[in-house]
>>> print(open('my_file03.tsv').read())   # TSV, C-alpha atoms
chain	number	residue	atom	x	y	z
A	1	MET	CA	0.00	0.00	0.00
A	2	LEU	CA	1.33	3.41	-0.99
A	3	ASN	CA	1.82	6.11	1.55
A	4	LEU	CA	1.05	9.51	0.13
A	5	GLN	CA	3.31	12.36	1.08
A	6	ASN	CA	1.67	15.16	2.92
A	7	ASN	CA	2.14	17.53	-0.01
A	8	ILE	CA	-0.23	15.29	-2.02
A	9	TYR	CA	-3.35	15.87	-0.02
A	10	SER	CA	-6.20	16.77	-2.33
A	11	PRO	CA	-7.96	14.71	-5.02
A	12	GLN	CA	-6.61	17.16	-7.58
A	13	ASP	CA	-3.06	16.66	-6.35
A	14	LEU	CA	-3.48	12.88	-6.59
A	15	LYS	CA	-4.98	13.14	-10.07
A	16	ALA	CA	-2.09	15.38	-11.19
A	17	LEU	CA	0.36	12.90	-9.69
A	18	ILE	CA	-1.23	10.01	-11.61
A	19	MET	CA	-1.04	12.02	-14.84
A	20	GLU	CA	2.61	12.81	-14.24
A	21	VAL	CA	3.44	9.16	-13.51
A	22	ARG	CA	1.63	8.17	-16.71
A	23	ARG	CA	3.60	10.75	-18.64
A	24	TYR	CA	6.73	9.43	-17.01
A	25	GLY	CA	5.72	5.91	-17.98
A	26	ARG	CA	5.34	6.95	-21.62
A	27	TRP	CA	8.63	8.77	-21.53
A	28	PHE	CA	10.25	5.76	-19.84
A	29	ALA	CA	8.95	3.42	-22.56
A	30	GLN	CA	10.15	5.69	-25.35
A	31	THR	CA	13.54	6.15	-23.72
A	32	SER	CA	13.89	2.39	-23.17
A	33	VAL	CA	13.18	1.70	-26.85
A	34	LYS	CA	15.57	4.45	-27.93
A	35	THR	CA	18.29	3.12	-25.64
A	36	HIS	CA	17.70	-0.38	-26.88
A	37	VAL	CA	17.96	0.76	-30.52
A	38	THR	CA	20.76	3.33	-30.36
A	39	GLY	CA	22.62	1.95	-27.36
A	40	THR	CA	22.86	5.38	-25.75
A	41	ALA	CA	20.82	6.59	-22.79
A	42	SER	CA	18.79	9.79	-23.06
A	43	LYS	CA	20.57	12.73	-21.55
A	44	GLU	CA	17.46	14.85	-21.14
A	45	PRO	CA	15.43	13.85	-18.08
A	46	LEU	CA	11.68	14.42	-18.10
A	47	ALA	CA	10.57	17.51	-16.21
A	48	ILE	CA	8.09	16.34	-13.56
A	49	SER	CA	7.12	17.57	-10.11
A	50	GLU	CA	9.16	16.86	-7.02
A	51	ALA	CA	6.33	14.77	-5.57
A	52	ALA	CA	6.30	12.53	-8.64
A	53	VAL	CA	10.09	12.25	-8.59
A	54	ALA	CA	10.04	11.31	-4.90
A	55	LEU	CA	7.34	8.69	-5.45
A	56	ILE	CA	9.13	7.10	-8.42
A	57	ARG	CA	12.39	7.19	-6.53
A	58	GLU	CA	10.73	5.47	-3.55
A	59	VAL	CA	9.38	2.72	-5.82
A	60	ALA	CA	12.71	2.38	-7.60
A	61	GLU	CA	14.45	1.85	-4.28
A	62	GLN	CA	12.24	-1.15	-3.58
A	63	GLN	CA	12.58	-2.83	-6.98
A	64	PRO	CA	14.25	-2.07	-10.33
A	65	LEU	CA	12.20	0.34	-12.39
A	66	SER	CA	10.48	-1.13	-15.42
A	67	GLN	CA	7.43	-0.46	-17.47
A	68	LYS	CA	5.55	-3.08	-15.56
A	69	VAL	CA	6.47	-1.55	-12.23
A	70	ILE	CA	5.35	1.86	-13.44
A	71	ASP	CA	2.06	0.44	-14.68
A	72	GLU	CA	1.51	-1.20	-11.31
A	73	LEU	CA	2.30	2.08	-9.64
A	74	ILE	CA	-0.28	3.82	-11.76
A	75	LYS	CA	-2.86	1.16	-10.93
A	76	SER	CA	-2.05	1.49	-7.25
A	77	LEU	CA	-2.48	5.22	-7.45
A	78	GLU	CA	-5.79	4.88	-9.28
A	79	ALA	CA	-6.95	2.38	-6.69
A	80	LEU	CA	-5.89	4.74	-3.99
A	81	GLU	CA	-7.80	7.58	-5.66
A	82	ALA	CA	-10.90	5.43	-5.80
A	83	ALA	CA	-10.65	4.04	-2.27
A	84	SER	CA	-9.24	6.91	-0.23
A	85	PRO	CA	-11.61	8.56	2.18
A	86	ARG	CA	-12.17	12.24	1.49
A	87	ILE	CA	-12.76	15.09	3.77
A	88	THR	CA	-13.69	18.63	2.80
A	89	ILE	CA	-12.57	21.44	5.04
A	90	THR	CA	-14.01	24.89	4.41
A	91	LEU	CA	-12.18	27.81	5.98
A	92	ALA	CA	-12.95	31.54	6.11
A	93	ALA	CA	-9.95	32.43	3.97
A	94	VAL	CA	-7.57	30.71	1.60
A	95	PRO	CA	-5.45	28.55	3.92
A	96	GLY	CA	-1.69	28.91	3.88
A	97	ASN	CA	0.63	25.98	3.30
A	98	LYS	CA	1.50	25.79	6.97
A	99	LEU	CA	-2.12	25.48	8.04
A	100	LYS	CA	-2.82	23.00	5.29
A	101	LYS	CA	0.14	20.90	6.41
A	102	VAL	CA	-1.03	20.94	10.05
A	103	LEU	CA	-4.57	19.88	9.14
A	104	VAL	CA	-3.48	17.22	6.61
A	105	GLU	CA	-1.00	15.76	9.12
A	106	TRP	CA	-3.68	15.60	11.75
A	107	CYS	CA	-6.20	13.95	9.42
A	108	ARG	CA	-3.70	11.36	8.18
A	109	LYS	CA	-2.49	10.65	11.69
A	110	ASN	CA	-5.88	10.43	13.36
A	111	ILE	CA	-8.41	9.46	10.68
A	112	ASP	CA	-6.78	7.66	7.78
A	113	SER	CA	-3.20	7.68	6.47
A	114	SER	CA	-4.39	8.01	2.87
A	115	ILE	CA	-7.18	10.45	3.42
A	116	LEU	CA	-7.56	13.18	0.79
A	117	VAL	CA	-8.33	16.64	2.04
A	118	ASP	CA	-10.13	19.12	-0.15
A	119	PHE	CA	-9.70	22.68	1.07
A	120	ARG	CA	-12.27	25.32	0.23
A	121	PHE	CA	-12.86	28.81	1.51
A	122	ASN	CA	-15.95	30.82	2.23
A	123	ALA	CA	-15.57	34.25	3.81
A	124	THR	CA	-19.12	34.27	5.15
A	125	ILE	CA	-18.31	31.73	7.83
A	126	LEU	CA	-16.08	34.43	9.41
A	127	GLY	CA	-13.72	31.94	11.05
A	128	GLY	CA	-13.41	28.41	12.31
A	129	MET	CA	-14.19	25.70	9.78
A	130	VAL	CA	-16.86	23.53	8.28
A	131	VAL	CA	-15.86	19.91	7.88
A	132	GLN	CA	-17.68	17.59	5.54
A	133	TYR	CA	-16.81	13.98	5.99
A	134	GLY	CA	-18.88	11.25	4.48
A	135	SER	CA	-22.48	12.12	4.91
A	136	HIS	CA	-21.88	14.39	7.86
A	137	VAL	CA	-21.26	18.08	8.03
A	138	TYR	CA	-19.60	19.52	11.12
A	139	ASP	CA	-20.16	23.22	11.30
A	140	TRP	CA	-17.59	24.72	13.65
A	141	SER	CA	-17.67	28.08	12.03
A	142	PHE	CA	-17.65	31.30	14.01
A	143	ARG	CA	-20.76	32.37	12.15
A	144	ARG	CA	-22.79	29.44	13.46
A	145	GLN	CA	-21.46	29.84	16.99
A	146	ILE	CA	-22.07	33.56	17.02
A	147	LEU	CA	-25.57	33.18	15.61
A	148	ALA	CA	-26.31	30.43	18.10
A	149	ALA	CA	-25.23	32.67	20.96
A	150	ARG	CA	-26.64	35.95	19.65
A	151	GLY	CA	-29.18	36.04	22.48
A	152	LYS	CA	-26.33	36.50	24.93
A	153	PHE	CA	-24.97	39.61	23.28
A	154	PRO	CA	-27.30	42.15	24.97
A	155	GLY	CA	-26.35	40.71	28.33
A	156	VAL	CA	-22.67	40.94	27.51
A	157	LEU	CA	-23.15	44.49	26.25
A	158	ARG	CA	-24.90	45.48	29.47
A	159	ASN	CA	-22.08	44.07	31.55
A	160	VAL	CA	-19.37	46.04	29.72
B	161	MET	CA	9.64	206.31	-7.45
B	162	SER	CA	9.73	206.44	-11.15
B	163	ILE	CA	7.69	208.62	-13.31
B	164	TYR	CA	6.08	205.77	-15.05
B	165	LEU	CA	4.82	204.30	-11.88
B	166	LEU	CA	3.40	207.61	-10.92
B	167	ILE	CA	1.64	207.96	-14.24
B	168	PHE	CA	0.29	204.43	-13.92
B	169	LEU	CA	-1.12	205.24	-10.46
B	170	LEU	CA	-2.73	208.40	-11.64
B	171	VAL	CA	-4.42	206.60	-14.55
B	172	ASP	CA	-5.72	203.94	-12.11
B	173	VAL	CA	-7.19	206.57	-9.83
B	174	PHE	CA	-8.92	208.11	-12.80
B	175	ILE	CA	-10.41	204.81	-13.98
B	176	ILE	CA	-11.60	203.93	-10.49
B	177	GLY	CA	-13.19	207.39	-10.17
B	178	ALA	CA	-15.08	206.82	-13.45
B	179	LEU	CA	-16.31	203.31	-12.48
B	180	MET	CA	-17.57	204.06	-8.95
B	181	PRO	CA	-20.82	205.91	-10.04
B	182	LEU	CA	-21.71	203.05	-12.34
B	183	ILE	CA	-21.23	200.55	-9.50
B	184	PHE	CA	-23.46	202.50	-7.17
B	185	ARG	CA	-26.21	202.85	-9.72
B	186	HIS	CA	-26.34	199.20	-10.52
B	187	ALA	CA	-26.26	198.21	-6.84
B	188	TYR	CA	-29.16	200.49	-6.09
B	189	ALA	CA	-31.18	199.13	-9.05
B	190	HIS	CA	-30.50	195.67	-7.93
B	191	PHE	CA	-31.44	196.02	-4.27
B	192	TRP	CA	-34.25	198.52	-4.70
B	193	PRO	CA	-35.86	197.78	-8.11
B	194	GLU	CA	-38.58	200.07	-9.45
B	195	LYS	CA	-42.17	198.71	-9.79
B	196	HIS	CA	-43.58	198.59	-13.37
B	197	GLU	CA	-47.21	198.78	-14.33
B	198	GLN	CA	-47.29	195.66	-16.59
B	199	ASP	CA	-46.43	193.32	-13.59
B	200	LYS	CA	-49.70	194.04	-11.92
B	201	PRO	CA	-52.66	191.47	-12.56
B	202	HIS	CA	-55.16	192.50	-15.20
B	203	MET	CA	-57.82	189.52	-14.97
B	204	THR	CA	-61.21	189.48	-13.27
B	205	ALA	CA	-62.31	187.31	-10.35
B	206	ALA	CA	-64.58	185.19	-12.54
B	207	VAL	CA	-61.80	184.43	-14.94
B	208	ARG	CA	-59.55	183.75	-12.12
B	209	GLU	CA	-62.24	181.49	-10.53
B	210	ARG	CA	-62.74	179.62	-13.79
B	211	LEU	CA	-59.02	179.26	-14.32
B	212	LEU	CA	-58.73	178.01	-10.79
B	213	HIS	CA	-61.57	175.56	-11.34
B	214	ASP	CA	-60.05	174.35	-14.58
B	215	SER	CA	-56.76	174.01	-12.89
B	216	GLU	CA	-58.36	172.04	-10.10
B	217	VAL	CA	-60.14	169.78	-12.60
B	218	LYS	CA	-56.94	169.24	-14.57
B	219	TYR	CA	-55.03	168.74	-11.42
B	220	GLN	CA	-57.66	166.28	-10.21
B	221	LYS	CA	-57.50	164.43	-13.53
B	222	VAL	CA	-53.77	164.32	-13.43
B	223	LEU	CA	-53.97	163.22	-9.87
B	224	ASP	CA	-56.56	160.52	-10.65
B	225	HIS	CA	-54.53	159.38	-13.58
B	226	SER	CA	-51.46	159.31	-11.43
B	227	VAL	CA	-53.37	157.40	-8.78
B	228	ASP	CA	-54.56	154.89	-11.39
B	229	VAL	CA	-51.09	154.48	-12.78
B	230	LEU	CA	-49.72	154.21	-9.32
B	231	GLU	CA	-52.34	151.64	-8.35
B	232	ARG	CA	-51.64	149.63	-11.46
B	233	ASP	CA	-47.95	149.87	-10.86
B	234	LEU	CA	-48.56	148.96	-7.28
B	235	ASP	CA	-50.69	145.98	-8.26
B	236	LYS	CA	-48.17	144.95	-10.82
B	237	SER	CA	-45.38	145.40	-8.35
B	238	ALA	CA	-47.36	143.47	-5.75
B	239	GLU	CA	-47.94	140.67	-8.25
B	240	GLN	CA	-44.31	140.66	-9.19
B	241	ILE	CA	-43.33	140.75	-5.58
B	242	ASN	CA	-45.75	137.93	-4.82
B	243	SER	CA	-44.45	136.02	-7.78
B	244	LEU	CA	-40.89	136.66	-6.73
B	245	VAL	CA	-41.69	135.79	-3.14
B	246	THR	CA	-43.40	132.59	-4.28
B	247	ARG	CA	-40.50	131.77	-6.56
B	248	PHE	CA	-37.95	132.59	-3.92
B	249	ALA	CA	-39.97	130.63	-1.40
B	250	GLY	CA	-40.16	127.72	-3.83
B	251	VAL	CA	-36.45	127.90	-4.49
B	252	ILE	CA	-35.71	128.22	-0.79
B	253	VAL	CA	-38.09	125.40	0.10
B	254	GLY	CA	-36.66	123.33	-2.78
B	255	ASP	CA	-33.13	124.03	-1.64
B	256	GLU	CA	-34.09	123.23	1.92
B	257	MET	CA	-35.85	120.08	0.82
B	258	GLU	CA	-32.86	119.12	-1.30
B	259	ARG	CA	-30.57	119.78	1.62
B	260	TYR	CA	-32.93	117.86	3.85
B	261	ARG	CA	-32.99	114.98	1.36
B	262	ALA	CA	-29.21	115.04	1.04
B	263	GLU	CA	-28.89	115.07	4.81
B	264	LEU	CA	-31.45	112.31	5.10
B	265	SER	CA	-29.70	110.31	2.38
B	266	LYS	CA	-26.39	110.82	4.13
B	267	LEU	CA	-27.88	109.71	7.43
B	268	HIS	CA	-29.56	106.80	5.68
B	269	LYS	CA	-26.27	105.76	4.10
B	270	GLN	CA	-24.49	106.15	7.40
B	271	ALA	CA	-27.18	104.11	9.09
B	272	GLU	CA	-26.92	101.50	6.37
B	273	ALA	CA	-23.13	101.42	6.73
B	274	ASP	CA	-23.53	101.10	10.48
B	275	MET	CA	-26.15	98.39	10.02
B	276	SER	CA	-23.94	96.65	7.50
B	277	GLY	CA	-21.06	96.73	9.95
B	278	ILE	CA	-23.31	95.44	12.67
B	279	LYS	CA	-24.63	92.75	10.36
B	280	GLN	CA	-21.12	91.76	9.39
B	281	GLU	CA	-20.14	91.64	13.02
B	282	ILE	CA	-23.21	89.55	13.79
B	283	VAL	CA	-22.49	87.22	10.86
B	284	GLY	CA	-18.86	86.92	11.91
B	285	HIS	CA	-19.85	86.28	15.47
B	286	GLN	CA	-22.44	83.79	14.35
B	287	ALA	CA	-19.90	82.00	12.15
B	288	GLU	CA	-17.46	81.97	15.02
B	289	ILE	CA	-20.07	80.54	17.34
B	290	GLU	CA	-21.09	77.99	14.72
B	291	ALA	CA	-17.47	76.95	14.13
B	292	LYS	CA	-16.89	76.68	17.84
B	293	TYR	CA	-20.12	74.78	18.30
B	294	LYS	CA	-19.25	72.45	15.42
B	295	GLU	CA	-15.80	71.91	16.82
B	296	GLU	CA	-17.20	71.12	20.24
B	297	LEU	CA	-19.83	68.91	18.66
B	298	GLU	CA	-17.21	67.11	16.61
B	299	LEU	CA	-15.03	66.63	19.68
B	300	GLU	CA	-17.99	65.34	21.62
B	301	ARG	CA	-18.95	63.10	18.72
B	302	GLN	CA	-15.43	61.74	18.45
B	303	ARG	CA	-15.37	61.18	22.20
B	304	LEU	CA	-18.69	59.35	22.09
B	305	ILE	CA	-17.64	57.34	19.04
B	306	SER	CA	-14.41	56.44	20.75
B	307	GLN	CA	-16.33	55.49	23.88
B	308	ILE	CA	-18.82	53.47	21.86
B	309	ASP	CA	-16.00	51.84	19.89
B	310	THR	CA	-14.25	50.90	23.08
B	311	LYS	CA	-17.42	49.63	24.70
B	312	LEU	CA	-18.50	47.82	21.60
B	313	GLY	CA	-15.03	46.37	21.11
B	314	ASP	CA	-15.02	45.16	24.68
B	315	ALA	CA	-18.53	43.80	24.28
B	316	VAL	CA	-17.75	42.03	21.02
B	317	GLY	CA	-14.49	40.70	22.44
B	318	SER	CA	-16.24	39.43	25.57
B	319	PHE	CA	-19.03	38.00	23.50
B	320	LEU	CA	-16.64	36.23	21.14
B	321	ILE	CA	-14.56	34.86	23.99
B	322	GLU	CA	-17.68	33.68	25.76
B	323	THR	CA	-19.17	32.27	22.57
B	324	LEU	CA	-16.13	30.60	21.04
B	325	GLN	CA	-14.96	29.29	24.41
B	326	HIS	CA	-11.53	28.24	23.22
B	327	ASN	CA	-8.59	30.55	23.40
B	328	VAL	CA	-9.02	31.35	19.77
B	329	ASP	CA	-6.45	33.51	18.04
B	330	LEU	CA	-8.28	35.18	15.19
B	331	GLY	CA	-4.97	35.75	13.37
B	332	ASN	CA	-3.68	32.17	13.69
B	333	GLN	CA	-6.47	29.65	13.94
B	334	ALA	CA	-4.40	26.48	13.48
B	335	ASP	CA	-4.42	25.56	17.16
B	336	TYR	CA	-8.13	26.29	17.43
B	337	LEU	CA	-8.93	24.18	14.36
B	338	VAL	CA	-6.80	21.27	15.58
B	339	ALA	CA	-8.46	21.54	18.98
B	340	MET	CA	-11.86	21.33	17.31
B	341	LEU	CA	-10.77	18.29	15.32
B	342	GLU	CA	-9.34	16.68	18.46
B	343	GLU	CA	-12.61	17.32	20.21
B	344	HIS	CA	-14.51	15.39	17.55
B	345	LYS	CA	-11.84	12.84	16.71
B	346	GLN	CA	-14.00	9.93	17.88
B	347	ASP	CA	-16.77	10.94	15.54
B	348	PHE	CA	-14.41	10.77	12.57
B	349	ILE	CA	-13.02	7.42	13.65
B	350	LYS	CA	-16.56	6.05	14.01
B	351	GLU	CA	-17.39	7.40	10.58
B	352	VAL	CA	-14.34	5.66	9.06
B	353	ALA	CA	-15.30	2.47	10.87
B	354	GLY	CA	-18.82	2.76	9.43
B	355	GLY	CA	-20.45	3.57	12.77
B	356	ASP	CA	-23.21	6.05	13.27
B	357	ALA	CA	-21.28	8.93	14.58
B	358	LYS	CA	-23.36	11.87	15.50
B	359	PRO	CA	-22.01	15.08	14.12
B	360	ALA	CA	-21.46	17.73	16.70
B	361	LYS	CA	-23.62	20.61	15.66
>>> encode(input="my_file03.tsv", output="structure tokens")
Amino acid sequence: MLNLQNNIYSPQDLKALIMEVRRYGRWFAQTSVKTHVTGTASKEPLAISEAAVALIREVAEQQPLSQKVIDELIKSLEALEAASPRITITLAAVPGNKLKKVLVEWCRKNIDSSILVDFRFNATILGGMVVQYGSHVYDWSFRRQILAARGKFPGVLRNV
Amino acid sequence: MSIYLLIFLLVDVFIIGALMPLIFRHAYAHFWPEKHEQDKPHMTAAVRERLLHDSEVKYQKVLDHSVDVLERDLDKSAEQINSLVTRFAGVIVGDEMERYRAELSKLHKQAEADMSGIKQEIVGHQAEIEAKYKEELELERQRLISQIDTKLGDAVGSFLIETLQHNVDLGNQADYLVAMLEEHKQDFIKEVAGGDAKPAK
């Protein structure tokens, strides 16, 4: 079972990773044929993302890289895409990388190691977050909490 | 004494002796003239009466005529005098009225100038008061706004702290979000396991 790096956290990231591995697979096949025919290895490496390079390198460390291994990797990734649980976190503003990393780490540590996190933002929630997981929606937004406690505001105002 | 002088004196004495009788005669005729017959009146009393009457009538006529002329002249003079007096009076009254109008106009202008000055002073004073009032109002408004802002800020802060419970940092919510996830970790685990986790609303 593959372990996704924390920088591959959203369904879009995983889909992009699969596409890059496929592209790498095609490039690998073409390069293999060319090497077999000309006897010289290609000097120009394929430009792919660091995440894809790290994943391929991780696989290559376990077994020699071949077209079959790459195809299996692609299948594993597609299976992972289909089977991974998904959680949607809506924040009040576009989250920074640091916050994303914290939340993804927490989700993968506490919920599922292959969970995919889809970040969205909606300024009207003011703060906090709204988490959608499975069929449940957890509204921990400031807006909901403030609206729920709006009856207390006059009392607080009187006490100031 | 010369002979000539002597002769001259003798001739003079002779001439004077010849002239003296003539001088006496003429002096006598002058101081005591002789009365002549033709100087005496030769008319009768009736003639004299008639002449006197005619003279009186003529004199009366002349006198009446003179009186008429004098009356007419007097009337004419009176009319002219009246006319002149009226004209002079009109001119004088006109001049006086003109002077009075000029004086009145001058006083009016002076009063207007004074009023204008007073008005300007009032307007200036009013503007000053308004500016001062506005400034004070603005200061008071700013003070009240500041007070309201402070109070409202405190109230909102207290309300948010009381409502959100957690020590939320509105600038960095990572800890708050992780705390919320930790709080509902069991729900997620149950959901992954296929249990009926109740979402915390």
>>> axis_aligned_box(input="my_file03.tsv", around="segment 214-223 of chain B", padding_each_side="3 Å", output="lines of an AutoDock Vina configuration file")
center_x = -57.0
center_y = 168.8
center_z = -12.2
size_x = 12.4
size_y = 17.1
size_z = 10.7
>>> interface_residues(input="my_file03.tsv", of="chain A", to="chain B", cutoff="8 Å", atoms="all atoms listed in the file", output="ChimeraX atom specification")
/A:85,99,102-103,106,110-112,127-129,133-134,136-140,142,145-146,149,152-153,156-157,160
>>> atom_distance(input="my_file03.tsv", atom1="atom CA of Val171 of chain B", atom2="atom CA of Ile183 of chain B")
18.6 Å
>>> atom_distance(input="my_file03.tsv", atom1="atom CA of Leu17 of chain A", atom2="atom CA of Gln67 of chain A")
17.0 Å
>>> atom_distance(input="my_file03.tsv", atom1="atom CA of His285 of chain B", atom2="atom CA of Ala271 of chain B")
20.3 Å
>>> residues_around(input="my_file03.tsv", residues="segment 113-117 of chain A", least_positions_apart="4", cutoff="12 Å", atoms="only C-alpha atoms", output="PyMOL selection string")
(chain A and resi 1-15+77+79-90+100-109+131-134) or (chain B and resi 348+352)
>>> build_atoms(input="my_file03.tsv", residues="segment 105-133 of chain A", atoms="N, CA and C atoms", output="PDB file, keeping the file's coordinate frame")
ATOM      1  N   GLU A 105      -1.735  16.666   8.208  1.00  0.00           N
ATOM      2  CA  GLU A 105      -1.000  15.760   9.120  1.00  0.00           C
ATOM      3  C   GLU A 105      -1.940  15.190  10.172  1.00  0.00           C
ATOM      4  N   TRP A 106      -2.764  16.060  10.710  1.00  0.00           N
ATOM      5  CA  TRP A 106      -3.680  15.600  11.750  1.00  0.00           C
ATOM      6  C   TRP A 106      -4.650  14.556  11.190  1.00  0.00           C
ATOM      7  N   CYS A 107      -5.227  14.865  10.027  1.00  0.00           N
ATOM      8  CA  CYS A 107      -6.200  13.950   9.420  1.00  0.00           C
ATOM      9  C   CYS A 107      -5.545  12.605   9.111  1.00  0.00           C
ATOM     10  N   ARG A 108      -4.356  12.617   8.550  1.00  0.00           N
ATOM     11  CA  ARG A 108      -3.700  11.360   8.180  1.00  0.00           C
ATOM     12  C   ARG A 108      -3.223  10.591   9.419  1.00  0.00           C
ATOM     13  N   LYS A 109      -2.944  11.304  10.461  1.00  0.00           N
ATOM     14  CA  LYS A 109      -2.490  10.650  11.690  1.00  0.00           C
ATOM     15  C   LYS A 109      -3.685  10.088  12.461  1.00  0.00           C
ATOM     16  N   ASN A 110      -4.766  10.793  12.484  1.00  0.00           N
ATOM     17  CA  ASN A 110      -5.880  10.430  13.360  1.00  0.00           C
ATOM     18  C   ASN A 110      -7.061   9.778  12.637  1.00  0.00           C
ATOM     19  N   ILE A 111      -7.234  10.029  11.363  1.00  0.00           N
ATOM     20  CA  ILE A 111      -8.410   9.460  10.680  1.00  0.00           C
ATOM     21  C   ILE A 111      -7.976   8.329   9.740  1.00  0.00           C
ATOM     22  N   ASP A 112      -7.214   8.668   8.744  1.00  0.00           N
ATOM     23  CA  ASP A 112      -6.780   7.660   7.780  1.00  0.00           C
ATOM     24  C   ASP A 112      -5.479   8.152   7.140  1.00  0.00           C
ATOM     25  N   SER A 113      -4.515   7.249   6.979  1.00  0.00           N
ATOM     26  CA  SER A 113      -3.200   7.680   6.470  1.00  0.00           C
ATOM     27  C   SER A 113      -3.260   8.084   4.992  1.00  0.00           C
ATOM     28  N   SER A 114      -4.307   7.650   4.292  1.00  0.00           N
ATOM     29  CA  SER A 114      -4.390   8.010   2.870  1.00  0.00           C
ATOM     30  C   SER A 114      -5.541   8.982   2.581  1.00  0.00           C
ATOM     31  N   ILE A 115      -6.012   9.566   3.613  1.00  0.00           N
ATOM     32  CA  ILE A 115      -7.180  10.450   3.420  1.00  0.00           C
ATOM     33  C   ILE A 115      -6.808  11.634   2.515  1.00  0.00           C
ATOM     34  N   LEU A 116      -7.761  12.018   1.678  1.00  0.00           N
ATOM     35  CA  LEU A 116      -7.560  13.180   0.790  1.00  0.00           C
ATOM     36  C   LEU A 116      -8.366  14.358   1.351  1.00  0.00           C
ATOM     37  N   VAL A 117      -7.698  15.450   1.445  1.00  0.00           N
ATOM     38  CA  VAL A 117      -8.330  16.640   2.040  1.00  0.00           C
ATOM     39  C   VAL A 117      -8.551  17.680   0.949  1.00  0.00           C
ATOM     40  N   ASP A 118      -9.796  18.087   0.836  1.00  0.00           N
ATOM     41  CA  ASP A 118     -10.130  19.120  -0.150  1.00  0.00           C
ATOM     42  C   ASP A 118     -10.396  20.425   0.603  1.00  0.00           C
ATOM     43  N   PHE A 119      -9.541  21.396   0.358  1.00  0.00           N
ATOM     44  CA  PHE A 119      -9.700  22.680   1.070  1.00  0.00           C
ATOM     45  C   PHE A 119     -10.543  23.642   0.226  1.00  0.00           C
ATOM     46  N   ARG A 120     -11.466  24.269   0.883  1.00  0.00           N
ATOM     47  CA  ARG A 120     -12.270  25.320   0.230  1.00  0.00           C
ATOM     48  C   ARG A 120     -12.299  26.526   1.164  1.00  0.00           C
ATOM     49  N   PHE A 121     -12.725  27.650   0.609  1.00  0.00           N
ATOM     50  CA  PHE A 121     -12.860  28.810   1.510  1.00  0.00           C
ATOM     51  C   PHE A 121     -14.164  29.562   1.235  1.00  0.00           C
ATOM     52  N   ASN A 122     -14.692  30.072   2.305  1.00  0.00           N
ATOM     53  CA  ASN A 122     -15.950  30.820   2.230  1.00  0.00           C
ATOM     54  C   ASN A 122     -15.889  31.910   3.306  1.00  0.00           C
ATOM     55  N   ALA A 123     -15.777  33.143   2.861  1.00  0.00           N
ATOM     56  CA  ALA A 123     -15.570  34.250   3.810  1.00  0.00           C
ATOM     57  C   ALA A 123     -16.767  34.464   4.735  1.00  0.00           C
ATOM     58  N   THR A 124     -17.932  33.994   4.328  1.00  0.00           N
ATOM     59  CA  THR A 124     -19.120  34.270   5.150  1.00  0.00           C
ATOM     60  C   THR A 124     -19.135  33.485   6.453  1.00  0.00           C
ATOM     61  N   ILE A 125     -18.302  32.476   6.561  1.00  0.00           N
ATOM     62  CA  ILE A 125     -18.310  31.730   7.830  1.00  0.00           C
ATOM     63  C   ILE A 125     -17.494  32.454   8.906  1.00  0.00           C
ATOM     64  N   LEU A 126     -16.800  33.519   8.509  1.00  0.00           N
ATOM     65  CA  LEU A 126     -16.080  34.430   9.410  1.00  0.00           C
ATOM     66  C   LEU A 126     -14.815  33.815  10.027  1.00  0.00           C
ATOM     67  N   GLY A 127     -14.874  32.575  10.417  1.00  0.00           N
ATOM     68  CA  GLY A 127     -13.720  31.940  11.050  1.00  0.00           C
ATOM     69  C   GLY A 127     -14.077  30.494  11.399  1.00  0.00           C
ATOM     70  N   GLY A 128     -13.131  29.798  12.000  1.00  0.00           N
ATOM     71  CA  GLY A 128     -13.410  28.410  12.310  1.00  0.00           C
ATOM     72  C   GLY A 128     -13.397  27.590  11.021  1.00  0.00           C
ATOM     73  N   MET A 129     -14.148  26.513  11.009  1.00  0.00           N
ATOM     74  CA  MET A 129     -14.190  25.700   9.780  1.00  0.00           C
ATOM     75  C   MET A 129     -15.461  24.889   9.719  1.00  0.00           C
ATOM     76  N   VAL A 130     -15.745  24.443   8.500  1.00  0.00           N
ATOM     77  CA  VAL A 130     -16.860  23.530   8.280  1.00  0.00           C
ATOM     78  C   VAL A 130     -16.249  22.281   7.670  1.00  0.00           C
ATOM     79  N   VAL A 131     -16.466  21.156   8.338  1.00  0.00           N
ATOM     80  CA  VAL A 131     -15.860  19.910   7.880  1.00  0.00           C
ATOM     81  C   VAL A 131     -16.955  19.002   7.343  1.00  0.00           C
ATOM     82  N   GLN A 132     -16.729  18.525   6.139  1.00  0.00           N
ATOM     83  CA  GLN A 132     -17.680  17.590   5.540  1.00  0.00           C
ATOM     84  C   GLN A 132     -16.961  16.262   5.376  1.00  0.00           C
ATOM     85  N   TYR A 133     -17.451  15.289   6.046  1.00  0.00           N
ATOM     86  CA  TYR A 133     -16.810  13.980   5.990  1.00  0.00           C
ATOM     87  C   TYR A 133     -17.895  12.938   5.838  1.00  0.00           C
TER      88      TYR A 133
END
